[in-house]
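J.: Structure supplied as run-v9.pdb; contents: PDB, C-alpha atoms.
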ATOM      1  CA  MET A   1     -18.197   7.874   9.931
ATOM      2  CA  THR A   2     -17.516   4.855  12.092
ATOM      3  CA  LYS A   3     -14.074   4.105  13.464
ATOM      4  CA  GLU A   4     -13.827   1.109  11.162
ATOM      5  CA  LEU A   5     -14.470   3.269   8.092
ATOM      6  CA  PHE A   6     -11.948   5.801   9.398
ATOM      7  CA  TRP A   7      -9.239   3.131   9.617
ATOM      8  CA  LEU A   8     -10.236   1.740   6.221
ATOM      9  CA  THR A   9      -9.892   5.210   4.710
ATOM     10  CA  LEU A  10      -6.443   5.666   6.239
ATOM     11  CA  THR A  11      -5.407   2.224   4.988
ATOM     12  CA  VAL A  12      -6.523   3.040   1.440
ATOM     13  CA  VAL A  13      -4.680   6.378   1.509
ATOM     14  CA  LEU A  14      -1.518   4.737   2.871
ATOM     15  CA  THR A  15      -1.670   2.017   0.227
ATOM     16  CA  GLY A  16      -2.222   4.636  -2.453
ATOM     17  CA  LEU A  17       0.850   6.596  -1.372
ATOM     18  CA  MET A  18       3.252   3.686  -0.883
ATOM     19  CA  TRP A  19       4.281   3.690  -4.532
ATOM     20  CA  VAL A  20       5.620   7.276  -4.438
ATOM     21  CA  PRO A  21       9.026   6.600  -2.763
ATOM     22  CA  TYR A  22       9.477   3.517  -4.951
ATOM     23  CA  ILE A  23       8.959   5.536  -8.138
ATOM     24  CA  ILE A  24      11.203   8.348  -6.899
ATOM     25  CA  ASP A  25      13.975   5.814  -6.280
ATOM     26  CA  ARG A  26      13.458   4.337  -9.734
ATOM     27  CA  ILE A  27      13.751   7.780 -11.319
ATOM     28  CA  ARG A  28      16.925   8.505  -9.335
ATOM     29  CA  VAL A  29      18.504   5.152 -10.259
ATOM     30  CA  ARG A  30      17.414   4.790 -13.893
ATOM     31  CA  GLY A  31      16.402   8.268 -15.025
ATOM     32  CA  LEU A  32      12.987   9.496 -16.056
ATOM     33  CA  MET A  33      12.886   8.045 -19.565
ATOM     34  CA  LYS A  34      13.997   4.540 -18.513
ATOM     35  CA  THR A  35      11.498   4.659 -15.651
ATOM     36  CA  MET A  36       8.670   5.140 -18.143
ATOM     37  CA  ASP A  37      10.077   2.488 -20.518
ATOM     38  CA  ASN A  38       9.301  -1.219 -20.323
ATOM     39  CA  PRO A  39      11.683  -2.917 -17.874
ATOM     40  CA  THR A  40      14.411  -5.172 -19.250
ATOM     41  CA  SER A  41      16.959  -7.507 -17.681
ATOM     42  CA  LYS A  42      19.712  -4.967 -18.412
ATOM     43  CA  ASP A  43      18.140  -2.206 -16.272
ATOM     44  CA  THR A  44      20.069  -0.917 -13.280
ATOM     45  CA  PRO A  45      18.688  -2.588 -10.140
ATOM     46  CA  GLN A  46      16.932  -0.417  -7.599
ATOM     47  CA  HIS A  47      18.028  -0.027  -4.001
ATOM     48  CA  GLY A  48      17.134  -2.812  -1.597
ATOM     49  CA  TRP A  49      14.796  -0.639   0.463
ATOM     50  CA  ALA A  50      12.861   0.310  -2.680
ATOM     51  CA  MET A  51      12.372  -3.306  -3.675
ATOM     52  CA  ARG A  52      11.244  -4.123  -0.141
ATOM     53  CA  LEU A  53       8.743  -1.269  -0.365
ATOM     54  CA  TYR A  54       7.511  -2.604  -3.715
ATOM     55  CA  PHE A  55       6.882  -6.025  -2.195
ATOM     56  CA  ALA A  56       5.150  -4.407   0.790
ATOM     57  CA  LEU A  57       2.962  -2.448  -1.633
ATOM     58  CA  THR A  58       1.926  -5.525  -3.600
ATOM     59  CA  ASN A  59       1.160  -7.307  -0.331
ATOM     60  CA  ALA A  60      -0.886  -4.325   0.887
ATOM     61  CA  VAL A  61      -2.938  -4.286  -2.318
ATOM     62  CA  GLU A  62      -3.559  -8.038  -2.137
ATOM     63  CA  ASN A  63      -4.726  -7.778   1.478
ATOM     64  CA  LEU A  64      -6.791  -4.643   0.898
ATOM     65  CA  VAL A  65      -8.989  -6.680  -1.444
ATOM     66  CA  ILE A  66      -9.967  -8.803   1.571
ATOM     67  CA  PHE A  67      -9.930  -6.100   4.273
ATOM     68  CA  ALA A  68     -12.053  -3.456   2.541
ATOM     69  CA  PRO A  69     -15.102  -5.642   1.795
ATOM     70  CA  LEU A  70     -15.040  -7.057   5.322
ATOM     71  CA  VAL A  71     -15.088  -3.567   6.832
ATOM     72  CA  LEU A  72     -17.853  -2.469   4.460
ATOM     73  CA  ILE A  73     -19.950  -5.538   5.276
ATOM     74  CA  LEU A  74     -19.349  -4.958   8.974
ATOM     75  CA  ASP A  75     -20.482  -1.359   8.618
ATOM     76  CA  SER A  76     -23.559  -2.191   6.545
ATOM     77  CA  LEU A  77     -24.691  -4.822   9.053
ATOM     78  CA  GLY A  78     -24.168  -2.395  11.930
ATOM     79  CA  VAL A  79     -22.260  -4.876  14.057
ATOM     80  CA  ALA A  80     -19.300  -2.609  14.804
ATOM     81  CA  ASN A  81     -17.985  -2.501  18.365
ATOM     82  CA  ALA A  82     -14.789  -1.665  20.242
ATOM     83  CA  ASN A  83     -13.171  -4.956  19.206
ATOM     84  CA  THR A  84     -13.799  -4.448  15.509
ATOM     85  CA  ALA A  85     -12.475  -0.872  15.699
ATOM     86  CA  ALA A  86      -9.362  -2.103  17.489
ATOM     87  CA  ALA A  87      -8.865  -4.832  14.880
ATOM     88  CA  CYS A  88      -9.056  -2.257  12.073
ATOM     89  CA  ALA A  89      -6.551  -0.025  13.874
ATOM     90  CA  VAL A  90      -4.174  -2.954  14.348
ATOM     91  CA  TYR A  91      -4.482  -3.796  10.658
ATOM     92  CA  PHE A  92      -3.578  -0.222   9.715
ATOM     93  CA  TRP A  93      -0.568   0.005  12.032
ATOM     94  CA  ALA A  94       0.636  -3.437  10.917
ATOM     95  CA  ARG A  95       0.857  -2.086   7.375
TER      96      ARG A  95
END
In structure tokens, what does this structure look like?
T.:
Amino acid sequence: MTKELFWLTLTVVLTGLMWVPYIIDRIRVRGLMKTMDNPTSKDTPQHGWAMRLYFALTNAVENLVIFAPLVLILDSLGVANANTAAACAVYFWAR
């Protein structure tokens, strides 16, 4: 596995786990049944940090759609080098 694929894998795992604290906060604020219900305007608002995490998650998903294919293309062409590995690491830590 190349370094670029390693960082891509970590980025996918991080993005996949970002929703967990958000959902836990929603359960704590609204209860389990209201968490699974369709949201309404009368629902209790979540904590500010949870909403910030939600927006970070949606941004991470939107950017992963661009990042993942670029890394896969880079790997398939075999043009990986120290700069591309560093760029992938920076992308991960910027998340």
J.: So which residues are close to (-7.0, -6.5, 6.8), meaning at most 8 Å away in the file's coordinates with all atoms listed in the file counted, and can you show them as a short mmCIF file (atom, residue, chain, number, x, y, z; two decimals) with C-alpha atoms, in the frame of the given file?
T.:
data_model
loop_
_atom_site.label_atom_id
_atom_site.label_comp_id
_atom_site.auth_asym_id
_atom_site.auth_seq_id
_atom_site.Cartn_x
_atom_site.Cartn_y
_atom_site.Cartn_z
CA ASN A 63 -4.73 -7.78 1.48
CA LEU A 64 -6.79 -4.64 0.90
CA ILE A 66 -9.97 -8.80 1.57
CA PHE A 67 -9.93 -6.10 4.27
CA ALA A 68 -12.05 -3.46 2.54
CA CYS A 88 -9.06 -2.26 12.07
CA TYR A 91 -4.48 -3.80 10.66
CA PHE A 92 -3.58 -0.22 9.72
#
J.: For the file shown, what are the residues hit by the PyMOL selection byres ((chain A and resi 26) around 12), laid out as a ChimeraX atom specification?
T.: /A:19-25,27-37,39,43-51,53-54
J.: Apply the PyMOL selection byres ((chain A and resi 1-14) around 10) to the file shown and report the selected residues as an MDAnalysis selection string.
T.: chainID A and resid 15:19 57 60:61 64 67:69 71:72 74:75 78 80:82 84:93 95
J.: Write out the residues from the selection above, keeping C-alpha atoms, as a PDB file, in the frame of the given file.
T.:
ATOM      1  CA  THR A  15      -1.670   2.017   0.227  1.00  0.00           C
ATOM      2  CA  GLY A  16      -2.222   4.636  -2.453  1.00  0.00           C
ATOM      3  CA  LEU A  17       0.850   6.596  -1.372  1.00  0.00           C
ATOM      4  CA  MET A  18       3.252   3.686  -0.883  1.00  0.00           C
ATOM      5  CA  TRP A  19       4.281   3.690  -4.532  1.00  0.00           C
ATOM      6  CA  LEU A  57       2.962  -2.448  -1.633  1.00  0.00           C
ATOM      7  CA  ALA A  60      -0.886  -4.325   0.887  1.00  0.00           C
ATOM      8  CA  VAL A  61      -2.938  -4.286  -2.318  1.00  0.00           C
ATOM      9  CA  LEU A  64      -6.791  -4.643   0.898  1.00  0.00           C
ATOM     10  CA  PHE A  67      -9.930  -6.100   4.273  1.00  0.00           C
ATOM     11  CA  ALA A  68     -12.053  -3.456   2.541  1.00  0.00           C
ATOM     12  CA  PRO A  69     -15.102  -5.642   1.795  1.00  0.00           C
ATOM     13  CA  VAL A  71     -15.088  -3.567   6.832  1.00  0.00           C
ATOM     14  CA  LEU A  72     -17.853  -2.469   4.460  1.00  0.00           C
ATOM     15  CA  LEU A  74     -19.349  -4.958   8.974  1.00  0.00           C
ATOM     16  CA  ASP A  75     -20.482  -1.359   8.618  1.00  0.00           C
ATOM     17  CA  GLY A  78     -24.168  -2.395  11.930  1.00  0.00           C
ATOM     18  CA  ALA A  80     -19.300  -2.609  14.804  1.00  0.00           C
ATOM     19  CA  ASN A  81     -17.985  -2.501  18.365  1.00  0.00           C
ATOM     20  CA  ALA A  82     -14.789  -1.665  20.242  1.00  0.00           C
ATOM     21  CA  THR A  84     -13.799  -4.448  15.509  1.00  0.00           C
ATOM     22  CA  ALA A  85     -12.475  -0.872  15.699  1.00  0.00           C
ATOM     23  CA  ALA A  86      -9.362  -2.103  17.489  1.00  0.00           C
ATOM     24  CA  ALA A  87      -8.865  -4.832  14.880  1.00  0.00           C
ATOM     25  CA  CYS A  88      -9.056  -2.257  12.073  1.00  0.00           C
ATOM     26  CA  ALA A  89      -6.551  -0.025  13.874  1.00  0.00           C
ATOM     27  CA  VAL A  90      -4.174  -2.954  14.348  1.00  0.00           C
ATOM     28  CA  TYR A  91      -4.482  -3.796  10.658  1.00  0.00           C
ATOM     29  CA  PHE A  92      -3.578  -0.222   9.715  1.00  0.00           C
ATOM     30  CA  TRP A  93      -0.568   0.005  12.032  1.00  0.00           C
ATOM     31  CA  ARG A  95       0.857  -2.086   7.375  1.00  0.00           C
TER      32      ARG A  95
END
J.: Complete the atom set of segment 2-24 of chain A to N, CA and C atoms and return it as an mmCIF file, in the frame of the given file.
T.:
data_model
loop_
_atom_site.group_PDB
_atom_site.id
_atom_site.type_symbol
_atom_site.label_atom_id
_atom_site.label_comp_id
_atom_site.auth_asym_id
_atom_site.auth_seq_id
_atom_site.Cartn_x
_atom_site.Cartn_y
_atom_site.Cartn_z
ATOM 1 N N THR A 2 -17.906 5.748 11.004
ATOM 2 C CA THR A 2 -17.516 4.855 12.092
ATOM 3 C C THR A 2 -15.997 4.776 12.171
ATOM 4 N N LYS A 3 -15.522 4.268 13.289
ATOM 5 C CA LYS A 3 -14.074 4.105 13.464
ATOM 6 C C LYS A 3 -13.505 3.122 12.454
ATOM 7 N N GLU A 4 -14.284 2.103 12.148
ATOM 8 C CA GLU A 4 -13.827 1.109 11.162
ATOM 9 C C GLU A 4 -13.646 1.745 9.788
ATOM 10 N N LEU A 5 -14.590 2.582 9.382
ATOM 11 C CA LEU A 5 -14.470 3.269 8.092
ATOM 12 C C LEU A 5 -13.316 4.276 8.113
ATOM 13 N N PHE A 6 -13.081 4.895 9.253
ATOM 14 C CA PHE A 6 -11.948 5.801 9.398
ATOM 15 C C PHE A 6 -10.637 5.061 9.149
ATOM 16 N N TRP A 7 -10.473 3.901 9.793
ATOM 17 C CA TRP A 7 -9.239 3.131 9.617
ATOM 18 C C TRP A 7 -9.136 2.567 8.204
ATOM 19 N N LEU A 8 -10.251 2.194 7.610
ATOM 20 C CA LEU A 8 -10.236 1.740 6.221
ATOM 21 C C LEU A 8 -9.779 2.863 5.299
ATOM 22 N N THR A 9 -10.286 4.062 5.529
ATOM 23 C CA THR A 9 -9.892 5.210 4.710
ATOM 24 C C THR A 9 -8.398 5.485 4.833
ATOM 25 N N LEU A 10 -7.882 5.461 6.049
ATOM 26 C CA LEU A 10 -6.443 5.666 6.239
ATOM 27 C C LEU A 10 -5.623 4.563 5.563
ATOM 28 N N THR A 11 -6.113 3.342 5.620
ATOM 29 C CA THR A 11 -5.407 2.224 4.988
ATOM 30 C C THR A 11 -5.373 2.390 3.474
ATOM 31 N N VAL A 12 -6.472 2.820 2.893
ATOM 32 C CA VAL A 12 -6.523 3.040 1.440
ATOM 33 C C VAL A 12 -5.576 4.163 1.037
ATOM 34 N N VAL A 13 -5.573 5.251 1.814
ATOM 35 C CA VAL A 13 -4.680 6.378 1.509
ATOM 36 C C VAL A 13 -3.221 5.944 1.631
ATOM 37 N N LEU A 14 -2.889 5.225 2.695
ATOM 38 C CA LEU A 14 -1.518 4.737 2.871
ATOM 39 C C LEU A 14 -1.108 3.839 1.716
ATOM 40 N N THR A 15 -1.970 2.927 1.334
ATOM 41 C CA THR A 15 -1.670 2.017 0.227
ATOM 42 C C THR A 15 -1.505 2.801 -1.074
ATOM 43 N N GLY A 16 -2.325 3.816 -1.248
ATOM 44 C CA GLY A 16 -2.222 4.636 -2.453
ATOM 45 C C GLY A 16 -0.951 5.456 -2.526
ATOM 46 N N LEU A 17 -0.366 5.782 -1.387
ATOM 47 C CA LEU A 17 0.850 6.596 -1.372
ATOM 48 C C LEU A 17 2.140 5.785 -1.295
ATOM 49 N N MET A 18 2.041 4.505 -1.050
ATOM 50 C CA MET A 18 3.252 3.686 -0.883
ATOM 51 C C MET A 18 4.098 3.600 -2.149
ATOM 52 N N TRP A 19 3.526 3.821 -3.290
ATOM 53 C CA TRP A 19 4.281 3.690 -4.532
ATOM 54 C C TRP A 19 5.167 4.906 -4.791
ATOM 55 N N VAL A 20 4.888 6.041 -4.147
ATOM 56 C CA VAL A 20 5.620 7.276 -4.438
ATOM 57 C C VAL A 20 7.123 7.155 -4.161
ATOM 58 N N PRO A 21 7.577 6.722 -2.966
ATOM 59 C CA PRO A 21 9.026 6.600 -2.763
ATOM 60 C C PRO A 21 9.678 5.587 -3.707
ATOM 61 N N TYR A 22 8.954 4.528 -4.026
ATOM 62 C CA TYR A 22 9.477 3.517 -4.951
ATOM 63 C C TYR A 22 9.732 4.130 -6.327
ATOM 64 N N ILE A 23 8.800 4.899 -6.823
ATOM 65 C CA ILE A 23 8.959 5.536 -8.138
ATOM 66 C C ILE A 23 10.056 6.598 -8.102
ATOM 67 N N ILE A 24 10.137 7.352 -7.015
ATOM 68 C CA ILE A 24 11.203 8.348 -6.899
ATOM 69 C C ILE A 24 12.568 7.675 -6.932
#
